[in-house]
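Shown next: coords-v4.txt, given as compact mmCIF, C-alpha atoms and all ligand atoms.
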```
# COMPACT_ATOMS: atom_id res chain seq x y z
CA MET A 1 0.00 0.00 0.00
CA GLU A 2 2.88 2.35 0.70
CA SER A 3 3.87 4.91 -1.92
CA ALA A 4 6.88 4.42 -4.15
CA VAL A 5 8.42 7.52 -2.59
CA ARG A 6 9.65 5.53 0.42
CA THR A 7 13.44 5.30 0.72
CA TYR A 8 15.08 4.18 3.97
CA CYS A 9 12.92 1.05 4.23
CA ARG A 10 14.19 -0.01 0.80
CA ARG A 11 17.79 0.10 2.01
CA PHE A 12 16.99 -1.51 5.35
CA PRO A 13 14.12 -3.90 4.52
CA ALA A 14 13.49 -5.23 8.04
CA VAL A 15 10.28 -4.85 10.06
CA PHE A 16 11.32 -3.30 13.35
CA THR A 17 9.49 -4.01 16.57
CA ARG A 18 11.67 -2.62 19.34
CA ALA A 19 14.41 -0.09 19.87
CA SER A 20 16.56 0.90 22.81
CA GLY A 21 19.68 3.06 22.91
CA HIS A 22 21.80 2.28 19.86
CA ARG A 23 20.01 -1.02 19.22
CA MET A 24 16.96 -2.08 17.21
CA TRP A 25 15.28 -5.46 16.81
CA ASP A 26 13.23 -6.75 13.92
CA GLU A 27 10.26 -9.11 14.05
CA GLN A 28 12.56 -12.13 13.67
CA GLY A 29 14.33 -10.99 16.83
CA ARG A 30 17.47 -10.00 14.91
CA GLU A 31 19.47 -7.27 16.57
CA TYR A 32 20.93 -4.27 14.73
CA MET A 33 23.28 -1.54 15.82
CA ASP A 34 21.84 1.78 14.76
CA PHE A 35 24.51 4.09 13.32
CA LEU A 36 21.81 5.91 11.37
CA SER A 37 20.18 7.57 14.40
CA GLY A 38 17.06 8.63 12.52
CA ALA A 39 19.22 10.78 10.21
CA GLY A 40 20.16 12.81 13.27
CA ALA A 41 16.80 12.80 15.08
CA LEU A 42 17.97 10.30 17.71
CA ASN A 43 21.15 11.81 19.10
CA TYR A 44 20.35 10.38 22.54
CA GLY A 45 19.47 6.96 21.12
CA HIS A 46 16.10 5.24 21.07
CA ASN A 47 13.84 5.64 24.09
CA PRO A 48 16.34 7.10 26.56
CA PRO A 49 14.76 5.95 29.87
CA GLU A 50 14.76 9.33 31.68
CA VAL A 51 13.13 11.03 28.72
CA ARG A 52 10.63 8.22 28.17
CA ALA A 53 9.63 8.45 31.85
CA ALA A 54 8.98 12.19 31.52
CA VAL A 55 6.67 11.73 28.56
CA VAL A 56 4.84 8.79 30.14
CA ASP A 57 4.25 10.81 33.33
CA TYR A 58 2.97 13.74 31.29
CA LEU A 59 0.51 11.53 29.40
CA LEU A 60 -0.72 9.78 32.53
CA ALA A 61 -1.38 13.19 34.10
CA ASP A 62 -3.55 14.14 31.08
CA GLY A 63 -1.19 16.93 30.05
CA PRO A 64 -2.47 18.63 26.88
CA VAL A 65 -0.79 16.95 23.90
CA HIS A 66 -1.85 19.28 21.12
CA GLY A 67 -1.97 22.98 21.81
CA LEU A 68 -1.58 25.03 18.58
CA ASP A 69 0.65 27.72 20.09
CA LEU A 70 -1.38 28.07 23.30
CA HIS A 71 0.59 28.63 26.48
CA THR A 72 1.15 25.38 28.36
CA THR A 73 3.32 24.52 31.32
CA ALA A 74 5.20 22.12 29.03
CA LYS A 75 6.09 24.94 26.62
CA ALA A 76 7.02 27.30 29.46
CA ALA A 77 9.25 24.67 31.05
CA PHE A 78 11.06 24.09 27.76
CA LEU A 79 11.65 27.80 27.16
CA GLU A 80 12.95 28.35 30.68
CA ARG A 81 15.22 25.33 30.55
CA PHE A 82 16.51 26.26 27.07
CA GLN A 83 17.31 29.75 28.32
CA ASP A 84 19.09 28.47 31.45
CA VAL A 85 20.99 25.51 29.98
CA VAL A 86 21.73 26.54 26.39
CA LEU A 87 21.41 30.28 25.77
CA ALA A 88 22.48 31.96 29.05
CA PRO A 89 25.76 30.04 29.55
CA ARG A 90 26.75 30.98 25.97
CA ALA A 91 25.68 34.62 26.45
CA MET A 92 23.30 34.18 23.51
CA GLU A 93 20.28 36.41 23.11
CA TYR A 94 17.60 34.90 20.91
CA ARG A 95 13.85 34.76 20.66
CA VAL A 96 12.50 31.27 20.01
CA GLN A 97 10.09 30.86 17.09
CA PHE A 98 8.29 27.51 17.05
CA THR A 99 7.48 26.54 13.48
CA GLY A 100 5.69 23.60 11.93
CA PRO A 101 7.47 20.52 13.27
CA THR A 102 9.84 19.79 10.39
CA GLY A 103 13.27 21.08 9.53
CA THR A 104 12.13 22.36 6.17
CA ASN A 105 9.46 24.49 7.84
CA ALA A 106 12.04 26.09 10.15
CA ILE A 107 14.10 26.95 7.05
CA GLU A 108 11.04 28.51 5.36
CA ALA A 109 10.49 30.63 8.47
CA ALA A 110 14.12 31.75 8.58
CA PHE A 111 14.02 32.72 4.89
CA LYS A 112 10.80 34.71 5.41
CA THR A 113 12.35 36.58 8.30
CA ALA A 114 15.56 37.30 6.38
CA ARG A 115 13.59 38.59 3.38
CA ARG A 116 11.29 40.67 5.58
CA VAL A 117 14.09 42.24 7.59
CA THR A 118 16.37 43.09 4.65
CA GLY A 119 13.76 43.75 1.96
CA ARG A 120 15.89 41.60 -0.38
CA THR A 121 14.84 38.39 -2.10
CA GLU A 122 17.95 36.33 -2.82
CA ILE A 123 19.38 33.73 -0.45
CA VAL A 124 22.94 32.53 -0.93
CA ALA A 125 23.17 28.76 -0.42
CA PHE A 126 26.17 26.54 -0.95
CA THR A 127 27.12 23.61 -3.14
CA GLY A 128 26.34 20.34 -1.37
CA GLY A 129 23.83 22.03 0.95
CA PHE A 130 20.61 20.39 2.10
CA HIS A 131 17.87 22.44 3.71
CA GLY A 132 14.67 20.48 3.12
CA LEU A 133 12.18 19.71 0.40
CA SER A 134 9.38 22.30 0.57
CA LEU A 135 9.80 24.74 -2.31
CA GLY A 136 11.63 27.58 -0.57
CA ALA A 137 14.02 25.25 1.22
CA LEU A 138 14.34 23.01 -1.84
CA ALA A 139 15.54 25.99 -3.84
CA ALA A 140 18.43 26.18 -1.38
CA SER A 141 19.11 22.42 -1.48
CA ALA A 142 21.71 21.35 -4.00
CA THR A 143 21.03 17.78 -5.15
CA ALA A 144 19.77 17.77 -8.73
CA PHE A 145 17.57 14.71 -8.30
CA LYS A 146 15.65 16.24 -5.38
CA ARG A 147 15.39 19.62 -7.11
CA ASN A 148 14.03 17.99 -10.25
CA ALA A 149 11.01 16.69 -8.33
CA ALA A 150 9.78 20.25 -7.68
CA GLY A 151 7.95 20.55 -11.00
CA VAL A 152 8.28 24.34 -10.91
CA PRO A 153 11.29 26.60 -11.26
CA LEU A 154 13.17 26.98 -8.01
CA SER A 155 14.08 30.60 -7.66
CA HIS A 156 15.66 33.31 -5.56
CA VAL A 157 18.64 31.30 -4.44
CA THR A 158 22.19 32.04 -5.59
CA ARG A 159 24.60 29.12 -5.35
CA MET A 160 28.14 29.65 -4.10
CA PRO A 161 30.92 27.10 -3.61
CA TYR A 162 31.26 25.53 -0.16
CA GLU A 163 34.74 25.34 1.30
CA GLY A 164 36.84 22.89 -0.72
CA PHE A 165 34.25 22.39 -3.48
CA PRO A 166 36.38 23.71 -6.37
CA GLY A 167 39.51 22.10 -4.86
CA GLU A 168 41.54 22.95 -1.79
CA ASP A 169 43.56 25.66 -3.56
CA VAL A 170 40.57 27.93 -4.32
CA ASP A 171 39.73 30.48 -1.63
CA THR A 172 35.94 30.29 -1.81
CA ILE A 173 35.41 33.22 0.56
CA ASN A 174 37.46 35.49 -1.71
CA TYR A 175 35.45 34.22 -4.66
CA LEU A 176 32.16 34.95 -2.84
CA THR A 177 33.31 38.41 -1.77
CA ARG A 178 34.44 39.29 -5.28
CA LEU A 179 31.01 38.36 -6.71
CA LEU A 180 29.12 40.24 -4.01
CA ASP A 181 31.16 43.41 -4.27
CA ASP A 182 31.61 43.84 -8.03
CA PRO A 183 28.55 45.53 -9.58
CA GLY A 184 29.49 43.81 -12.82
CA SER A 185 29.24 40.28 -11.37
CA GLY A 186 25.51 39.86 -11.97
CA VAL A 187 25.05 38.73 -8.37
CA ASP A 188 22.51 40.71 -6.35
CA LEU A 189 23.06 41.45 -2.69
CA PRO A 190 21.28 38.63 -0.83
CA ALA A 191 19.06 38.73 2.23
CA ALA A 192 20.99 35.91 3.86
CA PHE A 193 23.57 33.17 3.67
CA VAL A 194 22.27 29.76 4.70
CA VAL A 195 24.95 27.28 5.66
CA GLU A 196 25.52 23.94 7.33
CA THR A 197 28.77 23.63 9.28
CA VAL A 198 28.83 19.93 8.33
CA GLN A 199 26.85 18.86 5.26
CA GLY A 200 24.83 15.92 6.53
CA GLU A 201 23.28 15.02 3.18
CA GLY A 202 26.02 16.55 1.05
CA GLY A 203 28.74 13.97 1.65
CA LEU A 204 29.77 15.09 5.16
CA SER A 205 31.94 17.97 3.99
CA ALA A 206 32.78 20.12 7.00
CA ALA A 207 33.64 23.80 6.96
CA SER A 208 36.68 24.88 8.95
CA PRO A 209 36.21 27.28 11.88
CA SER A 210 38.18 29.95 10.02
CA TRP A 211 36.00 29.61 6.90
CA LEU A 212 32.88 30.03 9.05
CA ARG A 213 34.37 33.06 10.81
CA ARG A 214 35.24 34.69 7.50
CA LEU A 215 31.75 33.94 6.15
CA ALA A 216 30.20 35.54 9.25
CA GLU A 217 32.44 38.57 8.75
CA VAL A 218 31.48 38.94 5.07
CA ALA A 219 27.82 38.80 6.11
CA ARG A 220 28.20 41.30 8.93
CA GLU A 221 30.06 43.86 6.80
CA ARG A 222 27.31 43.84 4.16
CA ASN A 223 24.22 43.54 6.39
CA ILE A 224 23.54 40.08 5.04
CA LEU A 225 21.97 37.80 7.64
CA LEU A 226 23.73 34.57 8.55
CA ILE A 227 21.44 31.56 8.93
CA VAL A 228 23.06 28.43 10.32
CA ASP A 229 21.06 25.33 9.47
CA ASP A 230 21.89 23.29 12.57
CA ILE A 231 19.03 20.88 12.00
CA GLN A 232 21.29 17.86 11.64
CA ALA A 233 24.67 19.01 12.98
CA GLY A 234 23.21 20.65 16.09
CA CYS A 235 22.06 19.24 19.45
CA GLY A 236 25.43 17.74 20.27
CA ARG A 237 26.22 16.01 16.98
CA THR A 238 29.60 17.68 16.56
CA GLY A 239 30.49 17.40 20.24
CA THR A 240 29.06 20.74 21.42
CA PHE A 241 25.38 21.72 21.64
CA PHE A 242 25.59 23.98 18.57
CA SER A 243 27.87 22.97 15.72
CA PHE A 244 29.23 26.50 15.29
CA GLU A 245 30.54 26.94 18.85
CA GLU A 246 34.11 26.00 17.96
CA ALA A 247 34.11 28.72 15.27
CA GLY A 248 32.98 31.26 17.87
CA ILE A 249 30.38 32.84 15.57
CA THR A 250 26.92 34.12 16.51
CA PRO A 251 24.48 33.54 13.65
CA ASP A 252 21.53 35.88 13.17
CA LEU A 253 19.19 32.92 12.83
CA VAL A 254 19.66 29.29 13.83
CA CYS A 255 17.36 26.47 12.66
CA LEU A 256 17.01 23.42 14.90
CA SER A 257 14.85 20.35 14.44
CA LYS A 258 15.80 16.63 14.22
CA SER A 259 17.22 16.05 17.75
CA ILE A 260 15.79 19.07 19.51
CA SER A 261 12.97 16.92 20.93
CA GLY A 262 15.57 14.23 21.58
CA PHE A 263 13.03 11.45 21.39
CA GLY A 264 12.22 11.36 17.70
CA LEU A 265 9.09 13.46 18.21
CA PRO A 266 8.43 16.16 15.60
CA MET A 267 9.59 19.60 16.66
CA ALA A 268 11.36 22.52 15.00
CA LEU A 269 12.34 26.02 15.96
CA VAL A 270 14.21 29.06 14.77
CA LEU A 271 16.38 31.13 17.08
CA VAL A 272 16.02 34.74 16.04
CA ARG A 273 18.08 37.70 17.21
CA PRO A 274 15.47 39.81 19.04
CA GLU A 275 15.68 42.83 16.69
CA LEU A 276 15.08 40.55 13.68
CA ASP A 277 11.89 39.03 15.10
CA GLN A 278 9.72 40.95 12.64
CA LEU A 279 7.11 38.50 11.35
CA GLY A 280 3.69 39.47 12.67
CA PRO A 281 1.21 37.26 14.54
CA GLY A 282 0.13 34.38 12.29
CA GLU A 283 2.43 35.20 9.39
CA HIS A 284 4.13 31.86 9.86
CA SER A 285 1.60 29.76 11.70
CA GLY A 286 0.97 26.02 11.64
CA THR A 287 -1.29 23.54 13.39
CA PHE A 288 1.44 21.48 14.99
CA ARG A 289 3.68 24.14 16.49
CA GLY A 290 2.69 23.12 19.98
CA ASN A 291 3.61 19.45 20.16
CA ASN A 292 3.65 19.33 23.94
CA LEU A 293 5.03 15.79 24.08
CA ALA A 294 8.04 17.11 22.19
CA PHE A 295 8.36 20.04 24.62
CA VAL A 296 8.41 17.54 27.49
CA THR A 297 11.07 15.32 25.93
CA ALA A 298 13.13 18.31 24.75
CA THR A 299 13.14 19.67 28.31
CA ALA A 300 14.19 16.29 29.70
CA CYS A 301 17.10 16.13 27.21
CA LEU A 302 18.34 19.52 28.36
CA ASP A 303 18.91 17.92 31.77
CA TYR A 304 21.72 15.96 30.11
CA TRP A 305 23.37 19.18 28.96
CA ALA A 306 22.93 20.79 32.38
CA ASP A 307 25.55 18.31 33.63
CA PRO A 308 29.05 19.28 32.42
CA ALA A 309 30.07 15.60 32.66
CA PHE A 310 27.66 14.87 29.78
CA GLY A 311 29.42 17.26 27.40
CA LYS A 312 32.74 15.72 28.41
CA ARG A 313 31.46 12.20 27.70
CA VAL A 314 30.21 13.26 24.26
CA GLN A 315 33.65 14.71 23.62
CA GLU A 316 35.25 11.38 24.63
CA HIS A 317 32.95 9.50 22.27
CA THR A 318 33.92 11.95 19.52
CA ASP A 319 37.63 11.34 20.12
CA CYS A 320 37.09 7.58 20.19
CA LEU A 321 35.11 7.55 16.92
CA THR A 322 37.67 9.81 15.25
CA GLY A 323 40.50 7.47 16.26
CA LEU A 324 38.65 4.39 15.03
CA LEU A 325 37.82 5.96 11.67
CA GLU A 326 41.36 7.19 11.17
CA GLU A 327 42.58 3.62 11.81
CA LEU A 328 40.10 2.39 9.18
CA ALA A 329 41.37 4.95 6.69
CA VAL A 330 44.92 3.65 7.16
CA ARG A 331 43.79 0.03 6.98
CA TYR A 332 41.90 0.65 3.72
CA GLU A 333 44.33 3.11 2.23
CA GLN A 334 44.48 0.98 -0.93
CA LEU A 335 40.75 1.74 -1.41
CA GLY A 336 41.45 5.46 -1.18
CA CYS A 337 39.53 5.58 2.11
CA ARG A 338 39.21 9.12 3.53
CA VAL A 339 37.45 10.36 6.67
CA HIS A 340 34.97 13.25 6.31
CA GLY A 341 32.93 15.27 8.78
CA ARG A 342 33.41 16.31 12.36
CA GLY A 343 32.42 15.10 15.83
CA LEU A 344 29.93 12.24 15.62
CA ILE A 345 28.68 13.11 12.12
CA ARG A 346 31.27 11.41 9.95
CA GLY A 347 31.74 10.02 6.51
CA LEU A 348 34.02 7.58 4.73
CA ALA A 349 34.71 8.18 1.06
CA PHE A 350 36.44 5.74 -1.26
CA ALA A 351 38.19 6.03 -4.60
CA ASP A 352 35.38 3.92 -6.08
CA ASP A 353 32.18 6.00 -5.75
CA THR A 354 29.99 2.89 -5.80
CA LEU A 355 31.65 1.22 -2.83
CA ALA A 356 29.85 3.16 -0.04
CA ASP A 357 26.49 1.90 -1.25
CA ARG A 358 27.67 -1.71 -1.28
CA VAL A 359 29.25 -1.36 2.16
CA SER A 360 25.96 0.00 3.54
CA ARG A 361 24.04 -3.00 2.16
CA THR A 362 26.63 -5.48 3.41
CA ALA A 363 26.65 -3.84 6.85
CA PHE A 364 22.87 -4.23 7.05
CA GLU A 365 23.28 -7.98 6.46
CA LYS A 366 25.84 -8.03 9.27
CA GLY A 367 23.50 -6.18 11.66
CA LEU A 368 24.68 -2.58 11.36
CA LEU A 369 22.55 0.29 10.05
CA VAL A 370 24.69 2.85 8.19
CA GLU A 371 23.42 4.96 5.31
CA THR A 372 25.10 6.80 2.47
CA SER A 373 25.32 10.51 1.77
CA GLY A 374 26.23 12.76 -1.14
CA ALA A 375 24.49 13.45 -4.43
CA ARG A 376 25.70 10.09 -5.78
CA GLY A 377 25.49 8.23 -2.47
CA GLN A 378 29.27 8.08 -2.66
CA VAL A 379 30.03 8.62 1.02
CA LEU A 380 29.28 6.20 3.84
CA LYS A 381 27.64 8.10 6.68
CA ILE A 382 28.52 7.12 10.23
CA MET A 383 26.26 8.63 12.84
CA PRO A 384 25.87 6.63 16.06
CA PRO A 385 23.86 8.13 18.91
CA ILE A 386 26.14 10.64 20.65
CA VAL A 387 25.74 8.67 23.88
CA THR A 388 27.28 5.50 22.39
CA GLY A 389 30.22 4.42 24.55
CA GLU A 390 33.65 3.24 23.49
CA ASP A 391 32.99 -0.53 23.54
CA GLU A 392 29.91 -0.18 21.39
CA LEU A 393 31.62 2.20 18.99
CA ARG A 394 34.42 -0.34 18.63
CA ARG A 395 31.93 -3.12 18.00
CA GLY A 396 30.08 -1.10 15.33
CA ILE A 397 33.25 -0.01 13.58
CA ALA A 398 34.51 -3.63 13.58
CA ILE A 399 31.34 -4.66 11.71
CA LEU A 400 31.91 -1.75 9.37
CA ALA A 401 35.52 -2.82 8.73
CA ASP A 402 34.34 -6.37 7.86
CA SER A 403 31.69 -4.91 5.58
CA ILE A 404 34.22 -2.77 3.74
CA ALA A 405 36.47 -5.81 3.24
CA SER A 406 33.57 -7.99 1.97
CA ALA A 407 32.10 -5.30 -0.30
CA ALA A 408 35.51 -4.45 -1.78
CA ALA A 409 36.29 -8.16 -2.36
CA GLU A 410 32.91 -8.69 -4.07
CA GLY A 411 33.64 -5.69 -6.26
CA HIS A 412 36.88 -7.35 -7.36
CA ALA A 413 35.20 -10.72 -7.99
CA GLN A 414 32.67 -9.13 -10.36
C1 LIG A 501 16.87 16.97 7.66
C2 LIG A 501 17.36 18.31 7.33
C3 LIG A 501 16.49 19.32 6.93
C4 LIG A 501 15.03 19.10 6.67
O1 LIG A 501 14.36 18.59 7.78
P1 LIG A 501 12.96 17.83 7.55
O2 LIG A 501 12.47 17.60 8.93
O3 LIG A 501 13.28 16.56 6.83
O4 LIG A 501 12.11 18.72 6.76
C5 LIG A 501 17.03 20.58 6.70
N1 LIG A 501 18.34 20.82 6.85
C6 LIG A 501 19.19 19.87 7.25
C7 LIG A 501 20.64 20.21 7.43
C8 LIG A 501 18.74 18.58 7.47
O5 LIG A 501 19.60 17.63 7.83
```

Structure encoded using structure tokens:
Amino acid sequence: MESAVRTYCRRFPAVFTRASGHRMWDEQGREYMDFLSGAGALNYGHNPPEVRAAVVDYLLADGPVHGLDLHTTAKAAFLERFQDVVLAPRAMEYRVQFTGPTGTNAIEAAFKTARRVTGRTEIVAFTGGFHGLSLGALAASATAFKRNAAGVPLSHVTRMPYEGFPGEDVDTINYLTRLLDDPGSGVDLPAAFVVETVQGEGGLSAASPSWLRRLAEVARERNILLIVDDIQAGCGRTGTFFSFEEAGITPDLVCLSKSISGFGLPMALVLVRPELDQLGPGEHSGTFRGNNLAFVTATACLDYWADPAFGKRVQEHTDCLTGLLEELAVRYEQLGCRVHGRGLIRGLAFADDTLADRVSRTAFEKGLLVETSGARGQVLKIMPPIVTGEDELRRGIAILADSIASAAAEGHAQ
């Protein structure tokens, strides 16, 4: 009965019945390690017990589940906790705009705000970027195959090269600046830049802190707003709560979704610098902006971040995964194996662009869920829950190593 548009269930054709932490079980009782993490929606793993308890308690107390954007204690608790645990310690001043509960809707909201505030129409997006599939966000997404599904022209986005795209020796910030500043370039001054610090769907390319700082500077000097799409790389994925913390930049707008609820429940928001909060009441509304179950789980997840030991543990997991992947790259040097990404959002690329896909399929047979990324699916994407400890990371990466060996050997045999 299900539409042909389905994707993940084609790659991982099991029927799942149970999930806990980094593990899932199918109806035959087979166990899988989940290094897919709901494409970044399950940073804390499946059903983290403390978070599950909070949502069960809320339901048993008849807490309102749906609330449009009505005030509820669940929403108030989230906002207070977010202020205390995330914004205040980082000296960040943002208003919180709840949007429809998908990443793409948060991007639409950020674009509307940027266009409203600046009175300009163009958005600069980067090669390899992914920002969602509704028309405004899709215009900013790069993959040809997804863009082609739109059926209408995708407009008002100017594409610029992401760091490294034209080769390491091209300074892409100089290139961007030159096009923005020369009235003969044909490039109009944009309302905003929209950027991912690590391109989750675009092959796990990661921008360097200095590139991000220079981009922020170019934006600031020209009154262009900087939107960081932290939908996938945020909420701890790179080792810190926001992915741009290491770069030390303060974006004008930040989009969060995927793991903000921390439980796989739909939720999305835009952080807006207070003076840019210029959309009027109802100009970006939506029926499901008050998913109170998601507020409850999101608040419970912030308890993790309130404990400095949690951040340290995530950092340790990051170091461990980095070490293991670098070992793999050495071990499979003859396959041209290279490590991409940052923190716990990583990729492995090979000289043969078709290998990642075969490794992913082989890994599934061996009980490990890993997907591919990039416009040609040419990069293996490794994204365990950020709470996965060293032993489990080792076990997962060992399965991955076997899968690479088998898939490469099969390739030779053919
Ligand atoms: C997933 C994702 C989106 C879109 O989120 P949806 O909830 O699928 O609409 C946007 N940007 C990034 C970086 C993403 O990873």

Could you give me the centre and size, in Å to one decimal, of an axis-aligned box around all listed atoms of ligand LIG 501 (chain A) with 4 Å added on every side, as AutoDock Vina command-line options?
```
--center_x 16.4 --center_y 18.7 --center_z 7.8 --size_x 16.5 --size_y 12.3 --size_z 10.3
```

Residues at most 7 Å from segment 353-367 of chain A, counting all atoms listed in the file, excluding those fewer than 2 positions away in the same chain, as a PyMOL selection string?
chain A and resi 11-12+31-33+350-351+369-372+377-380+399-400+403-404+407-408

With a distance cut-off of 6 Å and only C-alpha atoms, select the neighbouring residues of Arg289 of chain A, excluding the residue or stretch itself and same-chain residues fewer than 2 positions from it, and output the selection as a ChimeraX atom specification.
/A:68-69,98-100,286-287,291

Once you count all atoms listed in the file, which residues end up within 8 Å of ligand LIG 501 (chain A), and could you hand them over as a ChimeraX atom specification?
/A:39-40,101-105,107,129-134,137,196,199-201,229-233,257-258,266,268

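For the set A:Thr240, A:Ala106, A:Cys301, A:Ser210, the residue with the smallest atom-to-atom gap to Arg81 of chain A is A:Cys301, counting all atoms listed in the file.
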
Quick one: residues within 8 Å of Val339 of chain A, all atoms listed in the file counted, chain neighbours fewer than 2 positions away excluded, as number ranges by chain?
A: 325-326, 329, 337, 341, 346-349

Do you know which residues are at most 8 Å from segment 71-74 of chain A counting only C-alpha atoms, after dropping those on the same chain fewer than 4 positions away, and could you put them as a compact mmCIF listing (two decimals) with C-alpha atoms, in the frame of the given file?
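Result file follows (result_28.txt):
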```txt
# COMPACT_ATOMS: atom_id res chain seq x y z
CA PRO A 64 -2.47 18.63 26.88
CA GLY A 67 -1.97 22.98 21.81
CA PHE A 78 11.06 24.09 27.76
CA ASN A 292 3.65 19.33 23.94
CA PHE A 295 8.36 20.04 24.62
CA VAL A 296 8.41 17.54 27.49
```

Between atom CA of Ala294 of chain A and atom CA of Val65 of chain A - distance in Å to one decimal:
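Rounded to one decimal, the two atoms are 9.0 Å apart.
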